[in-house]
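For reference, entry-v3.txt is printed below; it contains compact mmCIF, C-alpha atoms and all ligand atoms.
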```txt
# COMPACT_ATOMS: atom_id res chain seq x y z
CA MET A 21 0.00 0.00 0.00
CA ASN A 22 2.85 2.36 0.81
CA PHE A 23 4.56 1.55 -2.46
CA SER A 24 1.37 2.53 -4.26
CA ASP A 25 0.99 5.67 -2.11
CA SER A 26 4.56 6.74 -2.98
CA GLU A 27 3.54 6.65 -6.65
CA ILE A 28 0.63 8.98 -5.85
CA VAL A 29 2.97 11.30 -3.93
CA ALA A 30 5.41 11.35 -6.87
CA SER A 31 2.55 12.35 -9.17
CA ILE A 32 1.37 15.16 -6.88
CA MET A 33 4.94 16.47 -6.62
CA ARG A 34 5.53 16.24 -10.36
CA ALA A 35 2.45 18.36 -11.02
CA ARG A 36 4.14 21.11 -8.97
CA GLY A 37 7.42 20.96 -10.88
CA TYR A 38 9.41 18.44 -8.84
CA ASP A 39 10.95 15.26 -10.25
CA VAL A 40 12.27 12.04 -8.73
CA ALA A 41 15.99 12.24 -7.84
CA GLU A 42 18.24 9.30 -8.64
CA LYS A 43 20.17 9.53 -5.38
CA ALA A 44 19.52 10.95 -1.90
CA ASP A 45 22.59 13.22 -2.37
CA HIS A 46 20.93 14.88 -5.38
CA ALA A 47 17.59 15.58 -3.69
CA ASP A 48 16.21 18.91 -2.44
CA VAL A 49 13.42 17.11 -0.59
CA ILE A 50 13.44 13.63 0.95
CA MET A 51 10.29 11.99 2.19
CA VAL A 52 10.20 8.78 4.18
CA ASN A 53 6.92 6.95 3.62
CA THR A 54 6.41 5.12 6.88
CA CYS A 55 4.62 2.06 8.26
CA SER A 56 3.49 1.59 11.88
CA ILE A 57 2.27 -1.98 11.66
CA ARG A 58 4.98 -3.40 13.93
CA ASP A 59 7.65 -1.85 16.11
CA ASN A 60 10.50 -3.08 13.88
CA ALA A 61 9.01 -1.16 10.92
CA GLU A 62 9.15 2.01 13.02
CA GLN A 63 12.69 1.24 14.25
CA ARG A 64 13.88 1.13 10.64
CA VAL A 65 12.46 4.62 10.12
CA TRP A 66 14.25 6.01 13.19
CA LYS A 67 17.49 4.55 11.82
CA ARG A 68 16.86 6.10 8.39
CA LEU A 69 16.13 9.42 10.08
CA ARG A 70 19.53 9.35 11.83
CA GLU A 71 21.19 8.83 8.43
CA LEU A 72 19.20 11.71 6.93
CA LYS A 73 20.16 13.95 9.84
CA SER A 74 23.82 13.61 8.90
CA LEU A 75 22.97 14.23 5.23
CA LYS A 76 21.22 17.41 6.31
CA LYS A 77 24.33 18.61 8.15
CA ARG A 78 26.10 18.58 4.77
CA ASN A 79 23.19 20.18 2.91
CA ILE A 80 21.28 22.59 5.15
CA SER A 81 18.66 23.47 2.58
CA LEU A 82 17.55 19.81 2.36
CA GLN A 83 13.89 19.41 3.38
CA ILE A 84 13.04 16.20 5.22
CA GLY A 85 9.50 14.88 5.53
CA ILE A 86 7.91 11.99 7.39
CA ILE A 87 4.77 10.82 5.63
CA GLY A 88 2.31 7.95 6.10
CA CYS A 89 1.21 6.02 9.17
CA MET A 90 4.00 7.06 11.58
CA ALA A 91 3.28 10.70 10.79
CA GLU A 92 -0.35 10.05 11.70
CA ARG A 93 0.47 8.11 14.86
CA LEU A 94 3.42 10.07 16.25
CA LYS A 95 3.01 13.62 14.99
CA GLU A 96 3.74 15.37 18.32
CA GLU A 97 6.69 13.18 19.21
CA ILE A 98 8.31 13.64 15.80
CA LEU A 99 7.82 17.39 15.72
CA GLU A 100 9.09 17.89 19.26
CA GLU A 101 12.01 15.48 19.30
CA HIS A 102 13.18 15.50 15.68
CA LEU A 103 14.02 19.02 14.66
CA GLU A 104 15.62 17.69 11.48
CA VAL A 105 12.08 16.88 10.27
CA ASP A 106 10.68 19.83 8.31
CA PHE A 107 7.24 18.54 7.43
CA ILE A 108 4.78 15.78 8.26
CA ALA A 109 1.84 14.43 6.28
CA GLY A 110 -0.60 11.63 7.13
CA PRO A 111 -1.97 9.20 4.52
CA ASP A 112 -4.89 11.48 3.58
CA SER A 113 -2.86 14.69 3.28
CA TYR A 114 -0.67 14.03 0.27
CA ARG A 115 -2.40 16.61 -1.93
CA VAL A 116 -1.09 19.41 0.27
CA LEU A 117 2.52 18.14 0.36
CA PRO A 118 3.86 20.83 -2.02
CA ASP A 119 2.24 23.50 0.19
CA LEU A 120 3.67 21.96 3.35
CA ILE A 121 7.11 21.98 1.75
CA GLU A 122 6.71 25.61 0.74
CA ALA A 123 5.75 26.50 4.31
CA ALA A 124 8.67 24.47 5.69
CA VAL A 125 11.17 26.26 3.44
CA SER A 126 10.37 29.46 5.34
CA GLY A 127 11.77 27.80 8.44
CA GLN A 128 8.74 26.50 10.33
CA GLN A 129 7.90 22.82 10.79
CA ALA A 130 4.70 22.12 8.81
CA ALA A 131 2.21 19.33 9.44
CA ASN A 132 -1.11 17.97 8.22
CA VAL A 133 -2.44 14.69 9.60
CA VAL A 134 -6.17 15.24 9.13
CA LEU A 135 -7.90 11.99 8.19
CA SER A 136 -10.59 12.18 5.54
CA GLU A 137 -13.79 10.22 4.96
CA GLU A 138 -13.64 10.77 1.19
CA GLU A 139 -10.07 11.03 -0.05
CA THR A 140 -9.21 8.21 -2.50
CA TYR A 141 -6.81 10.12 -4.82
CA GLU A 142 -8.93 8.66 -7.62
CA ASP A 143 -8.15 11.48 -10.08
CA ILE A 144 -4.38 11.19 -9.60
CA HIS A 145 -2.42 9.23 -12.19
CA PRO A 146 0.38 7.55 -10.24
CA VAL A 147 3.95 7.96 -11.52
CA ARG A 148 5.17 4.35 -11.79
CA LEU A 149 8.28 4.31 -9.59
CA HIS A 150 11.00 1.65 -10.05
CA SER A 151 8.55 -0.14 -12.30
CA ASN A 152 9.52 -3.22 -14.28
CA GLY A 153 7.03 -2.03 -16.92
CA VAL A 154 5.11 -5.29 -16.56
CA SER A 155 3.30 -5.26 -13.20
CA ALA A 156 1.57 -2.36 -11.47
CA PHE A 157 -0.65 -1.72 -8.46
CA ILE A 158 -4.00 0.04 -8.52
CA SER A 159 -5.34 1.14 -5.17
CA ILE A 160 -9.13 0.62 -5.21
CA MET A 161 -10.03 1.59 -1.66
CA ARG A 162 -8.49 3.14 1.43
CA GLY A 163 -8.82 2.74 5.19
CA CYS A 164 -10.11 -0.12 7.30
CA GLU A 165 -12.91 -0.49 9.82
CA ASN A 166 -12.33 -4.07 10.94
CA PHE A 167 -10.55 -3.06 14.15
CA CYS A 168 -8.61 -6.27 14.66
CA ALA A 169 -7.49 -5.89 18.26
CA TYR A 170 -3.74 -5.88 17.53
CA CYS A 171 -3.85 -3.56 14.53
CA VAL A 172 -3.03 0.12 14.22
CA VAL A 173 -4.29 0.53 10.63
CA PRO A 174 -7.87 1.70 11.43
CA PHE A 175 -6.30 4.47 13.55
CA THR A 176 -3.67 5.58 11.05
CA ARG A 177 -5.58 5.15 7.79
CA GLY A 178 -9.09 5.98 8.95
CA LYS A 179 -12.47 5.07 7.56
CA GLU A 180 -13.05 2.69 4.71
CA ARG A 181 -13.85 4.34 1.37
CA SER A 182 -14.04 2.97 -2.18
CA ARG A 183 -12.93 4.59 -5.36
CA ASN A 184 -15.20 5.28 -8.36
CA PRO A 185 -14.97 2.13 -10.52
CA GLN A 186 -14.76 4.11 -13.76
CA THR A 187 -11.49 5.70 -12.58
CA ILE A 188 -10.14 2.22 -11.75
CA ILE A 189 -11.09 0.91 -15.19
CA ASP A 190 -9.54 3.94 -16.90
CA GLU A 191 -6.31 3.47 -14.93
CA ALA A 192 -6.17 -0.24 -15.81
CA ARG A 193 -6.83 0.48 -19.49
CA THR A 194 -4.04 3.08 -19.60
CA LEU A 195 -1.63 0.60 -18.00
CA PHE A 196 -2.46 -2.10 -20.55
CA GLU A 197 -2.11 0.40 -23.41
CA ASN A 198 1.35 1.20 -22.06
CA GLY A 199 2.47 -2.42 -22.16
CA TYR A 200 1.71 -3.53 -18.59
CA ARG A 201 0.59 -7.16 -18.50
CA GLU A 202 -0.41 -7.59 -14.86
CA ILE A 203 -2.22 -5.42 -12.36
CA THR A 204 -2.89 -5.94 -8.68
CA LEU A 205 -5.99 -4.33 -7.20
CA LEU A 206 -5.11 -3.16 -3.71
CA GLY A 207 -7.15 -2.60 -0.58
CA GLN A 208 -6.94 -3.45 3.12
CA ASN A 209 -10.00 -5.64 2.61
CA VAL A 210 -11.04 -5.73 -1.04
CA ASN A 211 -14.25 -7.60 -0.25
CA SER A 212 -15.56 -4.47 1.42
CA TYR A 213 -15.28 -2.61 -1.88
CA ARG A 214 -18.67 -1.01 -2.55
CA TRP A 215 -19.82 1.67 -4.96
CA ILE A 216 -23.36 2.82 -5.73
CA ASP A 217 -23.60 3.98 -9.35
CA ASP A 218 -25.91 6.62 -10.88
CA ASN A 219 -28.68 4.02 -11.40
CA LYS A 220 -28.48 3.18 -7.67
CA ASP A 221 -26.99 -0.23 -8.55
CA GLU A 222 -24.35 -1.59 -6.22
CA ILE A 223 -20.96 -2.53 -7.61
CA ASN A 224 -19.28 -4.91 -5.18
CA PHE A 225 -15.78 -6.35 -5.44
CA PRO A 226 -16.65 -9.46 -7.53
CA LYS A 227 -18.44 -7.19 -10.03
CA LEU A 228 -15.50 -4.78 -10.16
CA LEU A 229 -13.04 -7.64 -10.61
CA LYS A 230 -15.05 -8.97 -13.54
CA MET A 231 -15.22 -5.52 -15.15
CA VAL A 232 -11.44 -5.09 -14.84
CA ALA A 233 -10.78 -8.64 -16.12
CA GLN A 234 -12.80 -7.95 -19.26
CA ILE A 235 -10.73 -4.92 -20.31
CA ASP A 236 -7.87 -7.00 -21.70
CA PRO A 237 -8.47 -10.75 -21.54
CA VAL A 238 -4.78 -11.59 -22.08
CA SER A 239 -3.48 -9.52 -19.17
CA ARG A 240 -3.42 -10.82 -15.62
CA ILE A 241 -5.43 -9.45 -12.73
CA ARG A 242 -4.50 -10.04 -9.10
CA PHE A 243 -5.89 -8.56 -5.90
CA THR A 244 -4.93 -8.30 -2.28
CA THR A 245 -6.07 -8.67 0.44
CA SER A 246 -9.28 -10.45 1.50
CA HIS A 247 -10.59 -10.81 5.04
CA PRO A 248 -11.83 -14.37 5.68
CA LYS A 249 -15.05 -13.16 7.32
CA ASP A 250 -16.38 -11.96 3.98
CA LEU A 251 -14.61 -14.00 1.32
CA SER A 252 -17.70 -14.80 -0.71
CA ASP A 253 -18.43 -17.72 -3.04
CA GLU A 254 -19.45 -15.07 -5.57
CA LEU A 255 -15.84 -13.83 -5.60
CA LEU A 256 -14.48 -17.39 -5.88
CA ARG A 257 -16.72 -18.00 -8.89
CA VAL A 258 -15.49 -14.82 -10.62
CA ILE A 259 -11.91 -16.04 -10.15
CA ALA A 260 -12.79 -19.50 -11.49
CA GLU A 261 -14.74 -18.18 -14.48
CA ASN A 262 -12.29 -15.54 -15.68
CA GLU A 263 -9.17 -17.08 -17.16
CA ASN A 264 -7.05 -13.95 -16.62
CA VAL A 265 -7.94 -13.51 -12.93
CA CYS A 266 -5.03 -15.25 -11.24
CA ASN A 267 -5.58 -18.34 -9.12
CA ALA A 268 -4.02 -16.90 -6.00
CA ILE A 269 -5.72 -15.77 -2.81
CA HIS A 270 -4.09 -14.11 0.17
CA LEU A 271 -6.25 -14.94 3.17
CA ALA A 272 -4.69 -13.88 6.46
CA VAL A 273 -5.54 -16.37 9.22
CA GLN A 274 -3.46 -14.80 12.06
CA SER A 275 -4.05 -17.76 14.42
CA GLY A 276 -5.40 -21.31 14.31
CA SER A 277 -7.04 -21.06 17.73
CA THR A 278 -10.65 -19.89 18.07
CA PRO A 279 -10.20 -18.24 21.51
CA VAL A 280 -7.20 -16.27 20.18
CA LEU A 281 -9.15 -15.27 17.06
CA GLU A 282 -11.93 -14.06 19.32
CA ARG A 283 -9.55 -11.92 21.39
CA MET A 284 -8.07 -10.64 18.14
CA ASN A 285 -11.60 -9.57 17.09
CA ARG A 286 -11.21 -11.40 13.79
CA LYS A 287 -14.93 -12.34 13.76
CA TYR A 288 -14.44 -15.95 12.58
CA THR A 289 -13.54 -19.30 14.12
CA ARG A 290 -10.90 -21.86 13.13
CA GLU A 291 -13.68 -24.03 11.64
CA TYR A 292 -15.10 -21.15 9.61
CA TYR A 293 -11.63 -20.37 8.21
CA LEU A 294 -11.05 -24.01 7.23
CA ASN A 295 -14.48 -24.03 5.62
CA ARG A 296 -13.42 -21.05 3.44
CA ILE A 297 -10.23 -22.95 2.48
CA ALA A 298 -12.42 -25.92 1.48
CA ALA A 299 -14.63 -23.58 -0.59
CA ILE A 300 -11.55 -22.24 -2.43
CA ARG A 301 -10.26 -25.75 -3.08
CA SER A 302 -13.60 -26.91 -4.47
CA ILE A 303 -14.47 -23.85 -6.59
CA ILE A 304 -10.93 -23.10 -7.85
CA PRO A 305 -8.85 -26.26 -8.10
CA ASP A 306 -5.12 -25.46 -8.18
CA CYS A 307 -5.48 -22.10 -6.43
CA ALA A 308 -2.48 -20.90 -4.45
CA ILE A 309 -3.38 -19.77 -0.93
CA SER A 310 -1.11 -17.58 1.17
CA THR A 311 -1.57 -16.16 4.63
CA ASP A 312 -0.33 -13.99 7.51
CA ILE A 313 0.32 -15.47 10.95
CA ILE A 314 1.03 -13.75 14.27
CA ALA A 315 2.96 -15.66 16.96
CA GLY A 316 2.54 -14.87 20.66
CA PHE A 317 -0.57 -12.70 20.81
CA CYS A 318 -1.72 -11.82 24.36
CA ASP A 319 -2.52 -14.88 26.53
CA GLU A 320 -1.64 -17.32 23.71
CA THR A 321 -1.13 -20.75 25.33
CA GLU A 322 1.02 -23.61 24.07
CA GLU A 323 -2.21 -25.32 23.02
CA ASP A 324 -3.27 -22.26 20.99
CA HIS A 325 0.13 -22.30 19.29
CA GLN A 326 -0.19 -26.03 18.49
CA ASN A 327 -3.58 -25.24 16.97
CA THR A 328 -1.92 -22.70 14.66
CA LEU A 329 0.59 -25.35 13.56
CA SER A 330 -2.17 -27.92 12.97
CA LEU A 331 -4.24 -25.41 10.98
CA MET A 332 -1.18 -24.74 8.81
CA ARG A 333 -0.88 -28.50 8.16
CA GLU A 334 -4.56 -28.67 7.18
CA ALA A 335 -4.69 -25.52 5.06
CA ARG A 336 -1.33 -26.19 3.32
CA PHE A 337 -0.50 -22.57 2.50
CA ASP A 338 1.83 -22.06 -0.44
CA TYR A 339 3.59 -19.29 1.43
CA ALA A 340 3.08 -17.13 4.50
CA PHE A 341 4.16 -13.87 6.10
CA MET A 342 4.90 -14.67 9.73
CA PHE A 343 5.38 -12.20 12.58
CA LYS A 344 5.91 -11.92 16.32
CA TYR A 345 3.10 -10.00 18.00
CA SER A 346 4.16 -6.39 18.51
CA GLU A 347 2.00 -4.28 20.82
CA ARG A 348 0.89 -0.97 19.27
CA SER A 349 -0.28 1.72 21.65
CA GLY A 350 -3.85 2.90 21.18
CA THR A 351 -5.06 -0.42 19.74
CA ILE A 352 -7.82 -2.46 21.39
CA ALA A 353 -5.31 -5.13 22.47
CA ALA A 354 -3.02 -2.55 24.08
CA LYS A 355 -5.99 -1.23 26.08
CA LYS A 356 -7.65 -4.54 27.00
CA PHE A 357 -4.95 -7.19 27.26
CA GLU A 358 -1.46 -7.64 28.61
CA ASP A 359 1.39 -8.31 26.17
CA ASN A 360 2.30 -11.26 28.40
CA ILE A 361 4.14 -13.72 26.16
CA SER A 362 7.88 -13.31 26.65
CA ASP A 363 10.03 -12.40 23.70
CA ASP A 364 11.81 -15.76 23.98
CA VAL A 365 8.57 -17.69 23.74
CA LYS A 366 7.30 -15.53 20.87
CA GLY A 367 10.61 -16.12 19.08
CA ARG A 368 10.53 -19.89 19.61
CA ARG A 369 6.92 -20.15 18.44
CA LEU A 370 7.67 -18.00 15.40
CA GLU A 371 10.64 -20.22 14.51
CA GLU A 372 8.44 -23.32 14.70
CA ILE A 373 5.87 -21.64 12.47
CA ILE A 374 8.52 -20.60 9.92
CA GLU A 375 10.13 -24.04 9.91
CA LEU A 376 6.80 -25.77 9.30
CA GLN A 377 5.87 -23.30 6.55
CA GLN A 378 9.18 -23.92 4.78
CA GLU A 379 8.45 -27.65 4.80
CA ILE A 380 4.95 -27.09 3.43
CA SER A 381 6.17 -24.60 0.78
CA LEU A 382 8.83 -27.09 -0.34
CA GLN A 383 6.23 -29.88 -0.59
CA SER A 384 3.90 -27.58 -2.51
CA ASN A 385 6.72 -26.80 -4.97
CA GLN A 386 7.71 -30.48 -5.23
CA ASN A 387 4.11 -31.26 -6.23
CA ASP A 388 4.67 -28.98 -9.24
CA MET A 389 7.51 -31.13 -10.57
CA GLY A 390 6.79 -32.05 -14.20
CA LYS A 391 3.94 -29.52 -14.49
CA ILE A 392 3.87 -26.97 -17.32
CA VAL A 393 3.13 -23.45 -16.08
CA GLU A 394 2.57 -20.18 -17.92
CA VAL A 395 5.16 -17.60 -16.83
CA LEU A 396 4.96 -13.83 -17.25
CA ILE A 397 8.59 -12.66 -17.54
CA GLU A 398 9.55 -9.86 -15.14
CA GLY A 399 13.25 -9.66 -16.11
CA GLN A 400 16.58 -11.42 -16.00
CA SER A 401 17.30 -13.55 -12.95
CA LYS A 402 19.61 -12.04 -10.34
CA LYS A 403 22.15 -14.83 -10.75
CA SER A 404 22.71 -15.02 -14.51
CA THR A 405 22.05 -12.92 -17.62
CA SER A 406 21.07 -16.03 -19.58
CA GLN A 407 18.38 -16.81 -17.01
CA PHE A 408 14.99 -15.18 -16.74
CA MET A 409 12.55 -14.91 -13.87
CA GLY A 410 8.84 -14.45 -13.78
CA ARG A 411 5.75 -15.66 -11.99
CA ASP A 412 3.10 -18.18 -12.82
CA ASP A 413 -0.61 -17.61 -12.41
CA ARG A 414 -0.38 -18.66 -8.73
CA ASN A 415 2.31 -16.03 -8.05
CA LYS A 416 5.07 -18.64 -7.70
CA VAL A 417 8.52 -17.42 -8.78
CA VAL A 418 9.87 -19.41 -11.74
CA VAL A 419 13.47 -19.24 -13.04
CA PHE A 420 14.56 -20.71 -16.40
CA ASP A 421 17.18 -20.41 -19.16
CA GLY A 422 16.25 -18.49 -22.28
CA ILE A 423 17.42 -16.34 -25.17
CA ASP A 424 15.71 -13.60 -27.18
CA LEU A 425 13.11 -13.03 -24.48
CA LYS A 426 12.01 -9.81 -22.88
CA LYS A 427 10.04 -8.50 -19.91
CA GLY A 428 6.32 -8.87 -20.48
CA ASP A 429 6.62 -12.00 -22.66
CA CYS A 430 4.58 -14.99 -21.57
CA VAL A 431 6.20 -18.43 -21.94
CA ARG A 432 5.36 -22.01 -21.03
CA VAL A 433 7.84 -23.59 -18.66
CA LYS A 434 8.14 -27.21 -17.53
CA ILE A 435 9.16 -27.46 -13.88
CA THR A 436 12.21 -29.68 -13.31
CA LYS A 437 13.65 -28.56 -9.95
CA CYS A 438 12.67 -26.45 -6.96
CA THR A 439 13.57 -24.95 -3.61
CA SER A 440 11.01 -23.89 -0.97
CA ALA A 441 10.91 -20.40 -2.54
CA THR A 442 11.51 -20.95 -6.28
CA LEU A 443 10.51 -23.22 -9.13
CA ILE A 444 13.19 -23.94 -11.74
CA GLY A 445 12.33 -25.17 -15.21
CA GLU A 446 12.83 -25.33 -18.97
CA ILE A 447 10.94 -23.55 -21.69
CA VAL A 448 8.65 -25.75 -23.77
CA SER A 449 7.36 -24.67 -27.15
N1 LIG B 501 1.96 -7.33 15.54
C1 LIG B 501 2.36 -8.27 14.67
N2 LIG B 501 1.86 -8.41 13.44
C2 LIG B 501 0.88 -7.55 13.06
N3 LIG B 501 0.17 -7.44 11.91
C3 LIG B 501 -0.67 -6.40 12.03
N4 LIG B 501 -0.54 -5.82 13.24
C4 LIG B 501 0.42 -6.53 13.90
C5 LIG B 501 0.99 -6.43 15.20
N5 LIG B 501 0.60 -5.50 16.06
C6 LIG B 501 0.34 -8.36 10.79
C7 LIG B 501 -0.94 -9.12 10.49
C8 LIG B 501 -1.43 -8.48 9.23
C9 LIG B 501 -0.14 -8.08 8.56
C10 LIG B 501 -0.28 -7.03 7.51
O1 LIG B 501 0.65 -7.61 9.63
O2 LIG B 501 -0.60 -10.47 10.27
O3 LIG B 501 -2.23 -9.33 8.43
FE1 LIG B 502 -5.57 -4.35 10.39
FE2 LIG B 502 -7.53 -6.17 10.58
FE3 LIG B 502 -7.84 -3.97 9.01
FE4 LIG B 502 -6.10 -5.92 8.27
S1 LIG B 502 -8.35 -6.15 8.48
S2 LIG B 502 -5.75 -3.69 8.27
S3 LIG B 502 -5.32 -6.62 10.26
S4 LIG B 502 -7.65 -4.00 11.26
```

Please lay out the structure from this file as structure tokens.
Amino acid sequence: MNFSDSEIVASIMRARGYDVAEKADHADVIMVNTCSIRDNAEQRVWKRLRELKSLKKRNISLQIGIIGCMAERLKEEILEEHLEVDFIAGPDSYRVLPDLIEAAVSGQQAANVVLSEEETYEDIHPVRLHSNGVSAFISIMRGCENFCAYCVVPFTRGKERSRNPQTIIDEARTLFENGYREITLLGQNVNSYRWIDDNKDEINFPKLLKMVAQIDPVSRIRFTTSHPKDLSDELLRVIAENENVCNAIHLAVQSGSTPVLERMNRKYTREYYLNRIAAIRSIIPDCAISTDIIAGFCDETEEDHQNTLSLMREARFDYAFMFKYSERSGTIAAKKFEDNISDDVKGRRLEEIIELQQEISLQSNQNDMGKIVEVLIEGQSKKSTSQFMGRDDRNKVVVFDGIDLKKGDCVRVKITKCTSATLIGEIVS
């Protein structure tokens, strides 16, 4: 989401005469787009800020800005304790960034962290930053109102709001006309996407997905992320029926224990989640499923942890993002529960989760041995110029030898080897 937001910021800045600098040393303004989701994300920003402080000593006219969720969450602290920071903007204030910078140039710290109920930046054409020219993100909604107990997002990104579908379709069409072959529709919970059109008809996410898929039937459409509580069969059918909607679903489970899920305010049980996995498997055979897991949430017992491991064995995720619980002040969990699992125990549980996931990912890749998959080439592989890398429909990374190929080409590859993270294969005609 931040990557996509940075592209919006670049566009707003460009409209006021700025351009993207190649190196920090060349820049007049540096903005750090920040994330507050876990403490280690914030620690990285503090470290970056120390580096920028020394850059500023060498170039006193340099303007430094903190933007995004940390700006929203820690405005006072940043302004009071970090005098090297010239301006601050929350996720809904990017339109006024050039004005904030102008105000900051006159010597005063400038800030805007007002959250909006309407801002979607829908009229802004993002500048594609560091793009491979093949894949791009389109943000379709902003904010989140799920209030998972551990999560800071509803406080830093505010109310849920959806973008006018016509602007999404126009953006997708422009990308395809410019050679992009894959777009990812982004939202904190895409299944909450909702737009009422002029005829008072509701456009929900499955409808939007179908509309976007029909623009260019040979280009791929992905989306992220869905909340299990409202992953509908209607959506699963749209994925199954539209060839170019990729067979990959990210469905964060967080925990395999119903009491923990209840304390997390996830609004589903272990059984309900497994039922959704069964629905995916029956409606979309060969769909990749990925997830997020938190180890060591408040009061998590050894039995709860074992239930997470057993759910992982049942669900057989293709890959997972796995984290230690990190208390965020202001969240429901910080107010209601004690962060009472020691760091050692969190660490050990996380290691067990990672180890099991690596085993499952390896088995999932081994099951692909001998299969022929369609790969969209993203570029040369990091290791060799005669090797290419791309992804298959399920988002699995595939590496193979090739000549006379370019980014954006689609090739059929037979899988011959694998690791837990990569499929390796040979082109077939
Ligand atoms: N501690 C650890 N992980 C968290 N996530 C969100 N908030 C926290 C937190 N306080 C994880 C969840 C979410 C992902 C984006 O980040 O797993 O799905
Ligand atoms: Fe956070 Fe839950 Fe919203 Fe995801 S759905 S952003 S975890 S509150």

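In terms of minimum interatomic distance to ligand LIG 502 (chain B), A:Thr244 ranks closest within A:Gln386, A:Ser81, A:Thr278, A:Thr244, counting all atoms listed in the file.
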
Give me, as a Markdown table, each residue of chain A that comes within 10 Å of ligand LIG 501 (chain B), together with its shortest interatomic pair and the distance in Å at one decimal, counting all atoms listed in the file, with rows ordered by chain and rising residue number.
```
| residue | atom | partner | partner_atom | distance |
| --- | --- | --- | --- | --- |
| A:Ser56 | CA | B:LIG501 | N4 | 8.5 |
| A:Ile57 | CA | B:LIG501 | N4 | 5.0 |
| A:Arg58 | CA | B:LIG501 | C5 | 5.2 |
| A:Asp59 | CA | B:LIG501 | N1 | 7.9 |
| A:Asn60 | CA | B:LIG501 | N1 | 9.7 |
| A:Cys168 | CA | B:LIG501 | N4 | 8.2 |
| A:Ala169 | CA | B:LIG501 | N5 | 8.4 |
| A:Tyr170 | CA | B:LIG501 | N5 | 4.6 |
| A:Cys171 | CA | B:LIG501 | N4 | 4.2 |
| A:Val172 | CA | B:LIG501 | N4 | 6.5 |
| A:Val173 | CA | B:LIG501 | N4 | 7.8 |
| A:Gln208 | CA | B:LIG501 | C10 | 8.7 |
| A:Thr245 | CA | B:LIG501 | O3 | 8.9 |
| A:Ser246 | CA | B:LIG501 | O3 | 9.9 |
| A:His247 | CA | B:LIG501 | O3 | 9.1 |
| A:His270 | CA | B:LIG501 | O3 | 9.7 |
| A:Leu271 | CA | B:LIG501 | O3 | 8.7 |
| A:Ala272 | CA | B:LIG501 | O3 | 5.5 |
| A:Val273 | CA | B:LIG501 | O2 | 7.8 |
| A:Gln274 | CA | B:LIG501 | O2 | 5.5 |
| A:Ser275 | CA | B:LIG501 | O2 | 9.1 |
| A:Thr311 | CA | B:LIG501 | O3 | 7.8 |
| A:Asp312 | CA | B:LIG501 | O2 | 4.5 |
| A:Ile313 | CA | B:LIG501 | O2 | 5.1 |
| A:Ile314 | CA | B:LIG501 | O2 | 5.4 |
| A:Ala315 | CA | B:LIG501 | C1 | 7.8 |
| A:Gly316 | CA | B:LIG501 | C1 | 8.9 |
| A:Phe317 | CA | B:LIG501 | N1 | 7.9 |
| A:Ala340 | CA | B:LIG501 | O2 | 9.5 |
| A:Phe341 | CA | B:LIG501 | O2 | 7.2 |
| A:Met342 | CA | B:LIG501 | O2 | 6.9 |
| A:Phe343 | CA | B:LIG501 | N2 | 5.2 |
| A:Lys344 | CA | B:LIG501 | C1 | 5.4 |
| A:Tyr345 | CA | B:LIG501 | N1 | 3.8 |
| A:Ser346 | CA | B:LIG501 | N1 | 3.8 |
| A:Glu347 | CA | B:LIG501 | N5 | 5.1 |
| A:Arg348 | CA | B:LIG501 | N5 | 5.6 |
| A:Ser349 | CA | B:LIG501 | N5 | 9.2 |
| A:Thr351 | CA | B:LIG501 | N5 | 8.4 |
| A:Ala353 | CA | B:LIG501 | N5 | 8.7 |
| A:Ala354 | CA | B:LIG501 | N5 | 9.3 |
```

Compile the contact shell of Ser449 in chain A as a PyMOL selection string: residues with an atom at most 9 Å away, counting only C-alpha atoms, same-chain residues fewer than 2 positions apart removed.
chain A and resi 431-433+447

Step by step, gather every atom of ligand LIG 502 (chain B) that the file lists, find the box along x, y and z that holds them, add 3 Å on each side, and finally give centre and edge lengths in Å to one decimal, as AutoDock Vina command-line options.
```
--center_x -6.8 --center_y -5.2 --center_z 9.8 --size_x 9.0 --size_y 8.9 --size_z 9.0
```

Between CA of Asp306 in chain A and CA of Asn267 in chain A, what is the distance in Å, rounded to a tenth?
7.2 Å

Work out how far apart CA of Thr289 in chain A and CA of Asp250 in chain A are and give it in Å to one decimal.
12.8 Å

May I ask which of the residues A:Met284, A:Pro237, A:Lys67, A:Phe243 is the closest one to ligand LIG 502 (chain B), counting only C-alpha atoms and all ligand atoms?
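Of the candidates, the smallest distance to ligand LIG 502 (chain B) is held by A:Met284.
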
Skipping near chain neighbours, those fewer than 2 positions away, what residues fall within 7 Å of range 403-415 of chain A using only C-alpha atoms, listed as a tab-separated table (two decimals) with C-alpha atoms, keeping the file's coordinate frame?
```
chain	number	residue	atom	x	y	z
A	266	CYS	CA	-5.03	-15.25	-11.24
A	267	ASN	CA	-5.58	-18.34	-9.12
A	268	ALA	CA	-4.02	-16.90	-6.00
A	307	CYS	CA	-5.48	-22.10	-6.43
A	308	ALA	CA	-2.48	-20.90	-4.45
A	393	VAL	CA	3.13	-23.45	-16.08
A	394	GLU	CA	2.57	-20.18	-17.92
A	395	VAL	CA	5.16	-17.60	-16.83
A	396	LEU	CA	4.96	-13.83	-17.25
A	397	ILE	CA	8.59	-12.66	-17.54
A	398	GLU	CA	9.55	-9.86	-15.14
A	399	GLY	CA	13.25	-9.66	-16.11
A	400	GLN	CA	16.58	-11.42	-16.00
A	401	SER	CA	17.30	-13.55	-12.95
A	417	VAL	CA	8.52	-17.42	-8.78
A	418	VAL	CA	9.87	-19.41	-11.74
A	419	VAL	CA	13.47	-19.24	-13.04
A	420	PHE	CA	14.56	-20.71	-16.40
A	421	ASP	CA	17.18	-20.41	-19.16
A	422	GLY	CA	16.25	-18.49	-22.28
A	423	ILE	CA	17.42	-16.34	-25.17
```
